[in-house]
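As provided, query_6.cif (mmCIF, C-alpha atoms) reads as follows.
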```
data_upload
#
loop_
_atom_site.label_atom_id
_atom_site.label_comp_id
_atom_site.auth_asym_id
_atom_site.auth_seq_id
_atom_site.Cartn_x
_atom_site.Cartn_y
_atom_site.Cartn_z
CA MET A 1295 146.79 44.00 176.66
CA ALA A 1296 144.54 43.20 173.79
CA THR A 1297 141.82 40.64 174.28
CA PRO A 1298 142.07 37.78 171.83
CA THR A 1299 139.23 37.97 169.38
CA VAL A 1300 137.24 34.99 168.33
CA PRO A 1301 136.32 35.07 164.66
CA VAL A 1302 132.61 35.10 164.06
CA TYR A 1303 131.27 33.81 160.80
CA ASP A 1304 127.88 35.06 159.85
CA TYR A 1305 126.43 33.21 156.91
CA SER A 1306 123.05 34.82 157.06
CA HIS A 1307 123.92 37.50 154.53
CA ALA A 1308 126.62 35.65 152.65
CA GLU A 1309 126.58 35.63 148.89
CA PRO A 1310 126.58 32.23 147.24
CA SER A 1311 130.14 31.05 147.18
CA LEU A 1312 131.89 27.85 146.51
CA ALA A 1313 133.96 27.39 149.61
CA ASP A 1314 136.21 24.40 149.90
CA TYR A 1315 134.89 21.62 152.01
CA THR A 1316 135.74 18.19 153.35
CA SER A 1317 133.64 15.58 151.64
CA MET A 1318 132.40 12.98 154.05
CA MET A 1319 130.75 11.16 151.18
CA LEU A 1320 134.06 10.81 149.37
CA LYS A 1321 135.68 9.40 152.47
CA ILE A 1322 133.04 6.71 152.86
CA TYR A 1323 133.10 6.03 149.12
CA VAL A 1324 136.82 5.45 148.78
CA GLU A 1325 137.09 3.53 152.02
CA ASN A 1326 134.30 1.17 151.12
CA LEU A 1327 134.99 0.28 147.53
CA ALA A 1328 135.52 -3.43 147.47
CA GLN A 1329 138.92 -4.64 146.22
CA PRO A 1330 140.41 -1.33 145.07
CA SER A 1331 143.22 -3.06 143.19
CA VAL A 1332 140.72 -4.46 140.70
CA ALA A 1333 138.08 -1.76 140.99
CA GLN A 1334 136.78 0.10 137.96
CA ILE A 1335 135.11 3.47 138.28
CA LEU A 1336 133.17 5.54 135.78
CA ASP A 1337 133.36 9.33 135.96
CA VAL A 1338 130.98 11.33 133.77
CA GLY A 1339 132.95 14.54 134.09
CA PRO A 1340 133.82 17.26 133.83
CA VAL A 1341 137.29 16.01 132.96
CA CYS A 1342 139.59 17.00 135.80
CA LYS A 1343 143.23 16.00 135.95
CA GLU A 1344 143.40 15.98 139.74
CA ASN A 1345 140.46 13.62 139.99
CA ILE A 1346 141.93 11.39 137.32
CA MET A 1347 145.19 11.15 139.21
CA TYR A 1348 143.38 10.61 142.48
CA PHE A 1349 141.64 7.51 141.22
CA VAL A 1350 144.15 6.02 138.79
CA GLN A 1351 146.70 5.83 141.59
CA ARG A 1352 144.28 3.88 143.72
CA ILE A 1353 142.17 1.65 141.50
CA LYS A 1354 142.63 -0.67 138.58
CA ARG A 1355 141.04 1.45 135.86
CA LEU A 1356 139.21 4.74 135.62
CA HIS A 1357 136.69 5.14 132.82
CA ILE A 1358 135.85 8.64 131.66
CA CYS A 1359 132.94 9.73 129.54
CA ASP A 1360 132.58 13.49 129.85
CA LEU A 1361 128.84 13.96 129.46
CA PHE A 1362 129.06 17.67 130.24
CA LEU A 1363 131.10 18.26 127.10
CA ARG A 1364 128.87 16.07 125.00
CA LEU A 1365 125.71 17.86 126.06
CA ASN A 1366 127.47 21.19 125.72
CA ARG A 1367 128.68 20.44 122.19
CA ASN A 1368 125.22 19.42 121.06
CA ARG A 1369 123.72 22.53 122.59
CA ARG A 1370 126.21 24.88 120.96
CA LYS A 1371 125.78 23.28 117.55
CA GLY A 1372 122.04 23.24 117.90
CA LEU A 1373 121.98 19.50 117.47
CA PRO A 1374 119.10 17.51 118.86
CA THR A 1375 119.85 16.39 122.35
CA LYS A 1376 121.04 12.85 122.28
CA LYS A 1377 119.81 10.81 125.15
CA VAL A 1378 122.43 10.69 127.84
CA ARG A 1379 122.18 6.95 128.08
CA GLU A 1380 123.27 6.56 124.48
CA TYR A 1381 126.72 7.83 125.39
CA LEU A 1382 127.10 5.33 128.21
CA ASP A 1383 127.26 2.24 126.05
CA TYR A 1384 128.98 0.03 128.59
CA ALA A 1385 128.18 -3.55 129.47
CA PRO A 1386 125.93 -4.14 132.48
CA GLY A 1387 127.77 -4.73 135.73
CA SER A 1388 130.95 -3.01 134.54
CA PHE A 1389 131.70 -0.69 137.41
CA ASP A 1390 132.39 -0.73 141.11
CA GLY A 1391 131.67 2.96 141.34
CA ILE A 1392 130.07 5.75 139.34
CA ASN A 1393 130.74 9.44 139.95
CA LEU A 1394 128.01 11.96 139.18
CA TRP A 1395 129.51 15.28 140.27
CA ASP A 1396 126.87 17.98 139.84
CA PHE A 1397 125.54 16.30 136.73
CA ILE A 1398 121.92 15.68 137.59
CA ASP A 1399 121.38 19.43 138.00
CA HIS A 1400 121.87 19.77 134.26
CA LEU A 1401 119.34 17.18 133.18
CA ASN A 1402 115.60 17.35 132.95
CA ASN A 1403 113.48 15.13 135.11
CA ASP A 1404 112.99 12.41 132.50
CA GLU A 1405 116.66 12.21 131.71
CA ILE A 1406 117.69 11.91 135.34
CA GLY A 1407 115.40 8.94 135.81
CA SER A 1408 116.75 7.30 132.71
CA LEU A 1409 120.36 7.98 133.72
CA VAL A 1410 119.95 6.69 137.23
CA GLN A 1411 118.27 3.55 135.98
CA LEU A 1412 121.13 2.98 133.57
CA CYS A 1413 123.73 3.58 136.28
CA HIS A 1414 122.01 0.97 138.40
CA THR A 1415 122.46 -1.47 135.54
CA LEU A 1416 126.08 -0.50 134.94
CA LEU A 1417 127.08 -1.00 138.55
CA LYS A 1418 128.18 -4.33 139.87
CA PRO A 1419 126.20 -5.70 142.81
CA ARG A 1420 127.23 -3.69 145.90
CA GLY A 1421 128.69 -1.05 143.62
CA MET A 1422 128.34 2.55 144.78
CA MET A 1423 127.35 5.78 143.12
CA ILE A 1424 128.10 9.30 144.30
CA VAL A 1425 125.73 12.11 143.42
CA THR A 1426 126.13 15.78 144.20
CA SER A 1427 123.65 18.54 143.69
CA PHE A 1428 123.37 22.15 144.84
CA GLU A 1429 120.80 23.70 147.10
CA LYS A 1430 118.74 26.14 145.07
CA GLN A 1431 119.85 29.35 146.72
CA TRP A 1432 123.51 28.35 146.58
CA ALA A 1433 123.67 26.97 143.08
CA PRO A 1434 126.30 28.71 140.97
CA SER A 1435 125.20 29.85 137.55
CA GLN A 1436 128.35 28.46 135.97
CA ILE A 1437 129.70 24.96 135.99
CA HIS A 1438 132.59 24.07 138.24
CA SER A 1439 134.50 20.86 138.56
CA PHE A 1440 134.72 19.29 141.99
CA VAL A 1441 138.47 18.99 142.39
CA MET A 1442 139.54 16.26 144.78
CA LYS A 1443 142.50 16.83 147.07
CA ASP A 1444 144.15 14.76 149.74
CA GLY A 1445 142.25 14.47 152.98
CA TYR A 1446 138.94 14.32 151.08
CA GLN A 1447 139.07 18.05 150.47
CA ILE A 1448 137.05 19.37 147.58
CA THR A 1449 137.84 22.63 145.85
CA PHE A 1450 136.06 24.08 142.85
CA ARG A 1451 137.37 25.11 139.46
CA LEU A 1452 135.32 27.10 137.00
CA GLN A 1453 134.73 25.40 133.67
CA ASN A 1454 134.37 28.36 131.35
CA HIS A 1455 133.94 26.19 128.30
CA LEU A 1456 130.76 24.64 129.66
CA ASP A 1457 127.39 26.30 129.46
CA LEU A 1458 124.41 24.18 130.40
CA PRO A 1459 121.11 25.13 131.99
CA ARG A 1460 120.74 24.28 135.65
CA HIS A 1461 117.67 22.77 137.23
CA TYR A 1462 116.85 22.45 140.87
CA TYR A 1463 115.67 19.24 142.46
CA SER A 1464 114.51 19.01 146.04
CA ASN A 1465 115.86 16.41 148.43
CA ARG A 1466 112.56 14.59 148.16
CA ILE A 1467 112.84 14.32 144.39
CA ILE A 1468 116.47 13.22 144.48
CA THR A 1469 115.91 10.55 147.08
CA SER A 1470 112.90 9.41 145.11
CA ILE A 1471 114.95 9.16 141.92
CA LEU A 1472 117.56 7.16 143.79
CA SER A 1473 115.01 4.87 145.37
CA GLU A 1474 116.19 1.90 143.36
CA PHE A 1475 119.44 2.11 145.31
CA GLN A 1476 120.14 1.61 148.95
CA MET A 1477 120.97 5.06 150.36
CA VAL A 1478 124.23 4.76 152.29
CA LYS A 1479 124.52 8.35 153.48
CA SER A 1480 123.64 11.88 152.53
CA PHE A 1481 125.16 15.18 153.59
CA ILE A 1482 124.46 18.84 153.21
CA TYR A 1483 127.13 21.51 153.57
CA ARG A 1484 127.10 25.21 154.33
CA ASN A 1485 128.28 25.98 150.82
CA GLY A 1486 125.09 24.48 149.43
CA VAL A 1487 126.50 21.19 148.25
CA ARG A 1488 124.33 18.15 148.80
CA GLU A 1489 125.98 14.74 148.63
CA PHE A 1490 124.23 11.42 148.20
CA LEU A 1491 126.05 8.12 148.40
CA CYS A 1492 124.02 5.12 147.32
CA ARG A 1493 124.69 1.49 146.71
CA ARG A 1494 123.26 -1.14 144.43
CA ASP A 1495 121.89 -4.13 146.33
CA MET B 488 154.60 17.25 103.70
CA LEU B 489 157.25 15.30 105.52
CA LYS B 490 159.60 17.46 107.51
CA LYS B 491 162.62 16.20 109.29
CA GLY B 492 164.91 17.59 111.90
CA LYS B 493 162.53 20.28 113.01
CA LYS B 494 162.92 21.75 116.46
CA SER B 495 160.00 22.45 118.70
CA ASP B 496 160.03 26.19 118.04
CA ASP B 497 159.55 25.55 114.36
CA TYR B 498 156.20 23.89 114.90
CA ASN B 499 154.59 27.24 115.51
CA GLY B 500 152.52 26.03 118.40
CA SER B 501 152.93 25.04 121.98
CA ALA B 502 151.01 21.85 121.37
CA TYR B 503 154.19 20.19 120.23
CA LYS B 504 156.59 21.45 122.79
CA GLY B 505 156.28 18.45 125.02
CA ILE B 506 157.42 16.15 122.29
CA THR B 507 160.81 17.72 121.83
CA GLU B 508 161.78 19.74 124.83
CA GLN B 509 164.13 17.91 127.11
CA LYS B 510 162.62 19.39 130.24
CA THR B 511 159.23 17.84 129.75
CA ILE B 512 160.03 14.32 128.65
CA PRO B 513 161.80 11.45 130.32
CA PRO B 514 165.33 10.65 129.12
CA VAL B 515 165.43 9.40 125.55
CA PRO B 516 168.22 7.56 123.77
CA ARG B 517 171.28 9.67 123.38
CA THR B 518 171.03 9.88 119.62
CA GLU B 519 167.68 11.62 120.00
CA THR B 520 168.68 14.48 122.24
CA ARG B 521 168.72 16.84 119.29
CA ALA B 522 164.98 16.57 119.25
CA GLU B 523 164.62 15.45 115.67
CA SER B 524 161.16 14.53 114.60
CA THR B 525 159.29 13.58 111.50
CA VAL B 526 156.18 15.60 110.83
CA ILE B 527 153.35 14.23 108.71
CA GLY B 528 151.84 17.38 107.23
CA GLU B 529 148.22 18.46 107.13
CA ASN B 530 147.70 17.36 103.55
CA ILE B 531 149.08 13.89 103.97
CA THR B 532 146.92 10.82 104.49
CA ILE B 533 148.50 7.56 105.47
CA GLU B 534 146.93 4.14 105.66
CA GLY B 535 149.12 1.45 107.14
CA ASN B 536 151.33 0.76 110.07
CA ILE B 537 154.37 2.78 111.04
CA HIS B 538 157.45 1.48 112.81
CA GLY B 539 159.80 4.28 113.71
CA ASN B 540 163.09 5.11 115.33
CA GLU B 541 162.54 8.80 115.78
CA HIS B 542 159.89 11.10 117.15
CA LEU B 543 156.77 11.48 115.05
CA VAL B 544 154.16 14.20 114.80
CA ILE B 545 150.95 13.68 112.85
CA GLU B 546 149.30 16.81 111.52
CA GLY B 547 147.46 15.01 108.75
CA SER B 548 145.44 11.81 108.71
CA MET B 549 146.68 8.44 109.71
CA LYS B 550 144.90 5.12 109.85
CA GLY B 551 147.00 2.32 111.21
CA ASN B 552 149.10 1.30 114.15
CA ILE B 553 152.23 3.03 115.31
CA GLU B 554 155.13 1.20 116.92
CA MET B 555 157.90 3.35 118.26
CA ASP B 556 158.47 2.19 121.79
CA LYS B 557 161.51 4.34 122.51
CA TYR B 558 160.33 7.49 120.78
CA ASN B 559 157.67 10.10 121.23
CA PHE B 560 154.49 10.48 119.28
CA ALA B 561 152.12 13.43 118.93
CA VAL B 562 148.88 14.21 117.16
CA GLY B 563 148.71 17.92 116.32
CA PRO B 564 145.55 20.02 116.66
CA LYS B 565 144.54 19.28 113.08
CA GLY B 566 145.75 15.71 113.08
CA ARG B 567 143.46 12.70 112.91
CA VAL B 568 144.64 9.26 113.89
CA GLU B 569 142.86 5.96 114.07
CA GLY B 570 144.93 3.11 115.36
CA GLU B 571 146.91 1.72 118.24
CA ILE B 572 149.90 3.59 119.55
CA HIS B 573 152.98 2.19 121.23
CA ALA B 574 155.43 4.96 122.05
CA GLN B 575 157.60 6.37 124.80
CA ASN B 576 155.51 9.49 125.43
CA VAL B 577 152.33 10.51 123.66
CA LYS B 578 150.68 13.89 123.26
CA ILE B 579 147.22 14.21 121.76
CA SER B 580 145.94 17.59 120.64
CA GLY B 581 143.84 16.48 117.70
CA GLN B 582 141.40 13.67 117.01
CA MET B 583 142.31 10.15 117.90
CA ILE B 584 140.46 6.87 118.10
CA GLY B 585 142.43 3.97 119.45
CA ASN B 586 144.37 2.68 122.39
CA ILE B 587 147.62 4.10 123.69
CA MET B 588 150.29 2.11 125.44
CA THR B 589 153.35 3.93 126.65
CA LYS B 590 156.28 3.42 128.96
CA GLY B 591 156.14 7.08 129.78
CA LYS B 592 153.54 9.78 129.91
CA VAL B 593 150.38 10.53 127.99
CA GLU B 594 149.23 14.11 127.65
CA ILE B 595 145.76 14.96 126.42
CA THR B 596 145.34 18.66 125.76
CA LYS B 597 142.12 20.64 125.84
CA GLU B 598 141.92 20.66 122.04
CA ALA B 599 141.90 16.89 121.89
CA ASP B 600 139.05 14.64 120.86
CA PHE B 601 140.13 11.26 122.11
CA MET B 602 138.36 7.97 122.32
CA GLY B 603 140.27 4.96 123.54
CA ASP B 604 142.03 3.27 126.40
CA ILE B 605 145.30 4.44 127.88
CA ARG B 606 147.93 2.54 129.74
CA ALA B 607 150.83 4.69 130.87
CA LYS B 608 153.10 5.53 133.76
CA GLY B 609 151.88 9.09 133.85
CA ILE B 610 148.82 10.90 132.60
CA SER B 611 147.82 14.50 132.16
CA VAL B 612 144.41 15.53 130.87
CA GLU B 613 143.53 19.18 130.48
CA ASP B 614 140.11 20.52 131.40
CA GLY B 615 138.02 20.70 128.26
CA ALA B 616 139.48 17.64 126.55
CA TYR B 617 136.80 15.65 124.77
CA PHE B 618 137.55 12.28 126.22
CA LYS B 619 135.85 8.95 126.29
CA GLY B 620 137.86 5.99 127.38
CA SER B 621 139.73 4.54 130.27
CA ILE B 622 143.02 5.05 132.02
CA GLU B 623 145.17 2.51 133.74
CA LEU B 624 148.32 3.60 135.42
CA ALA B 625 151.21 1.18 134.98
CA GLN B 626 152.80 0.87 138.39
CA GLU B 627 154.98 -1.60 140.15
CA PRO B 628 152.63 -3.97 142.00
CA HIS B 629 154.12 -3.12 145.39
CA ARG B 630 153.64 0.59 144.75
CA LYS B 631 149.94 0.39 144.06
CA THR B 632 148.45 2.27 146.95
CA THR B 633 145.36 1.23 148.73
CA LEU B 634 142.34 3.29 147.92
CA ALA B 635 142.36 5.48 150.98
CA GLU B 636 146.07 5.35 151.71
CA LYS B 637 146.91 8.79 150.44
CA SER B 638 144.21 10.48 152.34
CA THR B 639 144.06 11.09 156.03
CA PRO B 640 141.28 8.88 157.21
CA ALA B 641 139.54 9.68 160.43
CA THR B 642 137.23 7.43 162.34
CA THR B 643 134.81 10.23 163.05
CA ALA B 644 133.94 13.49 161.43
CA GLN B 645 136.52 16.05 162.49
CA PRO B 646 135.73 19.63 163.41
CA VAL B 647 137.24 21.85 160.79
CA ASN B 648 138.24 25.45 160.46
CA MET B 649 135.17 27.17 159.10
CA SER B 650 137.24 29.87 157.47
CA LYS B 651 138.60 27.34 155.00
CA THR B 652 136.26 24.45 154.85
CA GLN B 653 132.67 23.54 155.35
CA THR B 654 131.27 21.00 157.73
CA ALA B 655 128.40 18.78 156.86
CA LYS B 656 125.08 18.05 158.34
CA GLU B 657 124.38 14.39 158.02
CA ASP B 658 121.34 13.00 156.36
CA VAL B 659 119.76 15.42 154.00
CA LYS B 660 116.19 15.87 155.02
CA GLU B 661 113.35 15.80 152.62
CA ASN B 662 112.03 19.17 151.61
#
```

Render the structure in this file as structure tokens.
Amino acid sequence: MATPTVPVYDYSHAEPSLADYTSMMLKIYVENLAQPSVAQILDVGPVCKENIMYFVQRIKRLHICDLFLRLNRNRRKGLPTKKVREYLDYAPGSFDGINLWDFIDHLNNDEIGSLVQLCHTLLKPRGMMIVTSFEKQWAPSQIHSFVMKDGYQITFRLQNHLDLPRHYYSNRIITSILSEFQMVKSFIYRNGVREFLCRRD
Amino acid sequence: MLKKGKKSDDYNGSAYKGITEQKTIPPVPRTETRAESTVIGENITIEGNIHGNEHLVIEGSMKGNIEMDKYNFAVGPKGRVEGEIHAQNVKISGQMIGNIMTKGKVEITKEADFMGDIRAKGISVEDGAYFKGSIELAQEPHRKTTLAEKSTPATTAQPVNMSKTQTAKEDVKEN
């Protein structure tokens, strides 16, 4: 009689991979948005139909401004980089939530600070912002969208049309950049994803 | 050039298929089941409003509002439209600035460059679409789900199968 084998997962020699994961940050985010029926959320991309459907079925209005594509278009055409904040020309206090999926990794230090400051302005009081970033050794060279599934599952889809340089920011730098916010929770996963959920006071 | 009575296969591109194929659009008035459409050609520029009783495809330039509540509207890959759209179903593959209000579905393809607000019963946006705007899904009030309703909330973090998913360590430490 064969002895049942217990699978052993050894990550010590694993190549960087984008394994699916269950996002605890997303769970807290969606469960704590005040008044979902009137909530408005801003997503800065990449455009992802699953994520659009996820939110439009649950909130009042989803705003999309795909900053990945805008930066990518400028880069490909050799145009001077427009400041990210110039694309986000929304009124202060417009949003209950802002989604920054893997976006800060594609900005330089100055631009992140400027973006985060703007997001703070664009959020309503008690509004929340989600930020994801990759650990250095796990960061994929290409851009993937974080595809939201039921049960707070996240899968990844390669965005071949996007080509932006990636920077690495340590936890210390990220938490420092987000210091204007109240940090609700942060997580780190075995696939190298770091999640930060913060709230405007 | 204005073309009438074209079928989807004649448009020489899949970007238009959704506008005429019966499988991909909600039921339309019986007189329209032959999938007749008017096509505004690449070299046509229109300024002014359009009220229509048949499907319309813009391959040229159009500045003005479009009212065709029971019929479908599409902007082809080379089309440019600036105005407000009221139509049954809308498909955008070209450039468009303006708001869209439909009783059916809006489809934004990856070739699209769209800026505006959408209110529709259904929405489909392809990866790569150049999109700035907002989306509001028209639903019956009693069907609007609560934010977390569709997910499977748990009061505590659940152990998960490591072969498929990743667990988290809470509280990222400074490094």

Go through chain A and flag each residue having an atom no more than 6 Å from chain B; for those, report the closest pair of atoms plus their distance in Å to one decimal, using all atoms listed in the file, ordered by chain and rising number, as JSON lines.
```
{"residue": "A:Asp1314", "atom": "CA", "partner": "B:Thr652", "partner_atom": "CA", "distance": 5.0}
{"residue": "A:Tyr1315", "atom": "CA", "partner": "B:Thr652", "partner_atom": "CA", "distance": 4.2}
{"residue": "A:Val1324", "atom": "CA", "partner": "B:Ala635", "partner_atom": "CA", "distance": 6.0}
{"residue": "A:Glu1325", "atom": "CA", "partner": "B:Ala635", "partner_atom": "CA", "distance": 5.7}
{"residue": "A:Pro1330", "atom": "CA", "partner": "B:Leu634", "partner_atom": "CA", "distance": 5.8}
{"residue": "A:Val1341", "atom": "CA", "partner": "B:Asp614", "partner_atom": "CA", "distance": 5.5}
{"residue": "A:Cys1342", "atom": "CA", "partner": "B:Asp614", "partner_atom": "CA", "distance": 5.7}
{"residue": "A:Lys1343", "atom": "CA", "partner": "B:Val612", "partner_atom": "CA", "distance": 5.2}
{"residue": "A:Val1350", "atom": "CA", "partner": "B:Leu624", "partner_atom": "CA", "distance": 5.9}
{"residue": "A:Arg1352", "atom": "CA", "partner": "B:Leu634", "partner_atom": "CA", "distance": 4.7}
{"residue": "A:Arg1355", "atom": "CA", "partner": "B:Glu623", "partner_atom": "CA", "distance": 4.8}
{"residue": "A:Leu1356", "atom": "CA", "partner": "B:Ile622", "partner_atom": "CA", "distance": 5.3}
{"residue": "A:His1357", "atom": "CA", "partner": "B:Ser621", "partner_atom": "CA", "distance": 4.0}
{"residue": "A:Ile1358", "atom": "CA", "partner": "B:Lys619", "partner_atom": "CA", "distance": 5.4}
{"residue": "A:Cys1359", "atom": "CA", "partner": "B:Lys619", "partner_atom": "CA", "distance": 4.4}
{"residue": "A:Asp1444", "atom": "CA", "partner": "B:Ser638", "partner_atom": "CA", "distance": 5.0}
{"residue": "A:Gly1445", "atom": "CA", "partner": "B:Ser638", "partner_atom": "CA", "distance": 4.5}
{"residue": "A:Asn1465", "atom": "CA", "partner": "B:Glu661", "partner_atom": "CA", "distance": 4.9}
{"residue": "A:Arg1466", "atom": "CA", "partner": "B:Glu661", "partner_atom": "CA", "distance": 4.7}
{"residue": "A:Ser1480", "atom": "CA", "partner": "B:Asp658", "partner_atom": "CA", "distance": 4.6}
{"residue": "A:Phe1481", "atom": "CA", "partner": "B:Glu657", "partner_atom": "CA", "distance": 4.6}
{"residue": "A:Ile1482", "atom": "CA", "partner": "B:Lys656", "partner_atom": "CA", "distance": 5.2}
{"residue": "A:Tyr1483", "atom": "CA", "partner": "B:Ala655", "partner_atom": "CA", "distance": 4.5}
{"residue": "A:Arg1484", "atom": "CA", "partner": "B:Gln653", "partner_atom": "CA", "distance": 5.9}
```

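Each of B:Thr532, B:Gln582, B:Thr589, B:Thr525 was compared to Phe601 (chain B) using only C-alpha atoms, and B:Gln582 turns out to be the nearest.
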
**Q.** Contacts of region 1389-1391 of chain A within 10 Å, only C-alpha atoms, excl. fewer than 6 positions in-chain, as a PyMOL selection string
**A.** chain A and resi 1323-1324+1327-1330+1332-1337+1355-1357+1413-1424+1492-1494

Name the residues captured by the PyMOL selection byres ((chain B and resi 587) around 10) when it is applied to the shown file; answer as a PDB file with C-alpha atoms, in the coordinates of the input.
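Here's the written file result-v1.pdb:
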```pdb
ATOM      1  CA  ILE B 553     152.230   3.030 115.310  1.00  0.00           C
ATOM      2  CA  GLY B 570     144.930   3.110 115.360  1.00  0.00           C
ATOM      3  CA  GLU B 571     146.910   1.720 118.240  1.00  0.00           C
ATOM      4  CA  ILE B 572     149.900   3.590 119.550  1.00  0.00           C
ATOM      5  CA  HIS B 573     152.980   2.190 121.230  1.00  0.00           C
ATOM      6  CA  ALA B 574     155.430   4.960 122.050  1.00  0.00           C
ATOM      7  CA  ASN B 576     155.510   9.490 125.430  1.00  0.00           C
ATOM      8  CA  VAL B 577     152.330  10.510 123.660  1.00  0.00           C
ATOM      9  CA  MET B 583     142.310  10.150 117.900  1.00  0.00           C
ATOM     10  CA  ILE B 584     140.460   6.870 118.100  1.00  0.00           C
ATOM     11  CA  GLY B 585     142.430   3.970 119.450  1.00  0.00           C
ATOM     12  CA  ASN B 586     144.370   2.680 122.390  1.00  0.00           C
ATOM     13  CA  MET B 588     150.290   2.110 125.440  1.00  0.00           C
ATOM     14  CA  THR B 589     153.350   3.930 126.650  1.00  0.00           C
ATOM     15  CA  VAL B 593     150.380  10.530 127.990  1.00  0.00           C
ATOM     16  CA  GLY B 603     140.270   4.960 123.540  1.00  0.00           C
ATOM     17  CA  ASP B 604     142.030   3.270 126.400  1.00  0.00           C
ATOM     18  CA  ILE B 605     145.300   4.440 127.880  1.00  0.00           C
ATOM     19  CA  ARG B 606     147.930   2.540 129.740  1.00  0.00           C
ATOM     20  CA  ALA B 607     150.830   4.690 130.870  1.00  0.00           C
ATOM     21  CA  ILE B 622     143.020   5.050 132.020  1.00  0.00           C
TER      22      ILE B 622
END
```

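Against this structure, the PyMOL selection byres ((chain A and resi 1438) around 6) ends up with Ile1437, Ser1439, Phe1450, Arg1451, Leu1452 and Gln1453 of chain A.
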
Would you mind exporting C-alpha atoms of the selected residues as a PDB file, in the frame of the given file?
```pdb
ATOM      1  CA  ILE A1437     129.700  24.960 135.990  1.00  0.00           C
ATOM      2  CA  SER A1439     134.500  20.860 138.560  1.00  0.00           C
ATOM      3  CA  PHE A1450     136.060  24.080 142.850  1.00  0.00           C
ATOM      4  CA  ARG A1451     137.370  25.110 139.460  1.00  0.00           C
ATOM      5  CA  LEU A1452     135.320  27.100 137.000  1.00  0.00           C
ATOM      6  CA  GLN A1453     134.730  25.400 133.670  1.00  0.00           C
TER       7      GLN A1453
END
```

Q: Would you write out, as a PyMOL selection string, every residue that the PyMOL selection byres ((chain A and resi 1487) around 7) captures in this file?
A: chain A and resi 1426-1429+1482-1483+1485-1486+1488-1489

Q) So how far away is CA of Val562 (chain B) from CA of Gly528 (chain B), in Å? A)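 Straight-line distance from CA of Gly528 (chain B) to CA of Val562 (chain B) works out to 10.8 Å.
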
Q.
Just want the 9 Å neighbourhood of Gly1339 (chain A), counted on only C-alpha atoms, with same-chain residues fewer than 6 positions away dropped. Output as a list of chain:residue names.
A.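 In the requested format, the answer is A:Ile1358, A:Cys1359, A:Asp1360, A:Leu1361, A:Phe1362, A:Leu1363, A:Asn1393, A:Leu1394, A:Trp1395, A:Phe1397, A:Ser1439.
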
Q.
Just the number, please: distance in Å from CA of Gly563 (chain B) to CA of Leu1458 (chain A), one decimal.
A. 28.8 Å

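Across the model, the gap from CA of Ile579 (chain B) to CA of Glu594 (chain B) is 6.2 Å.
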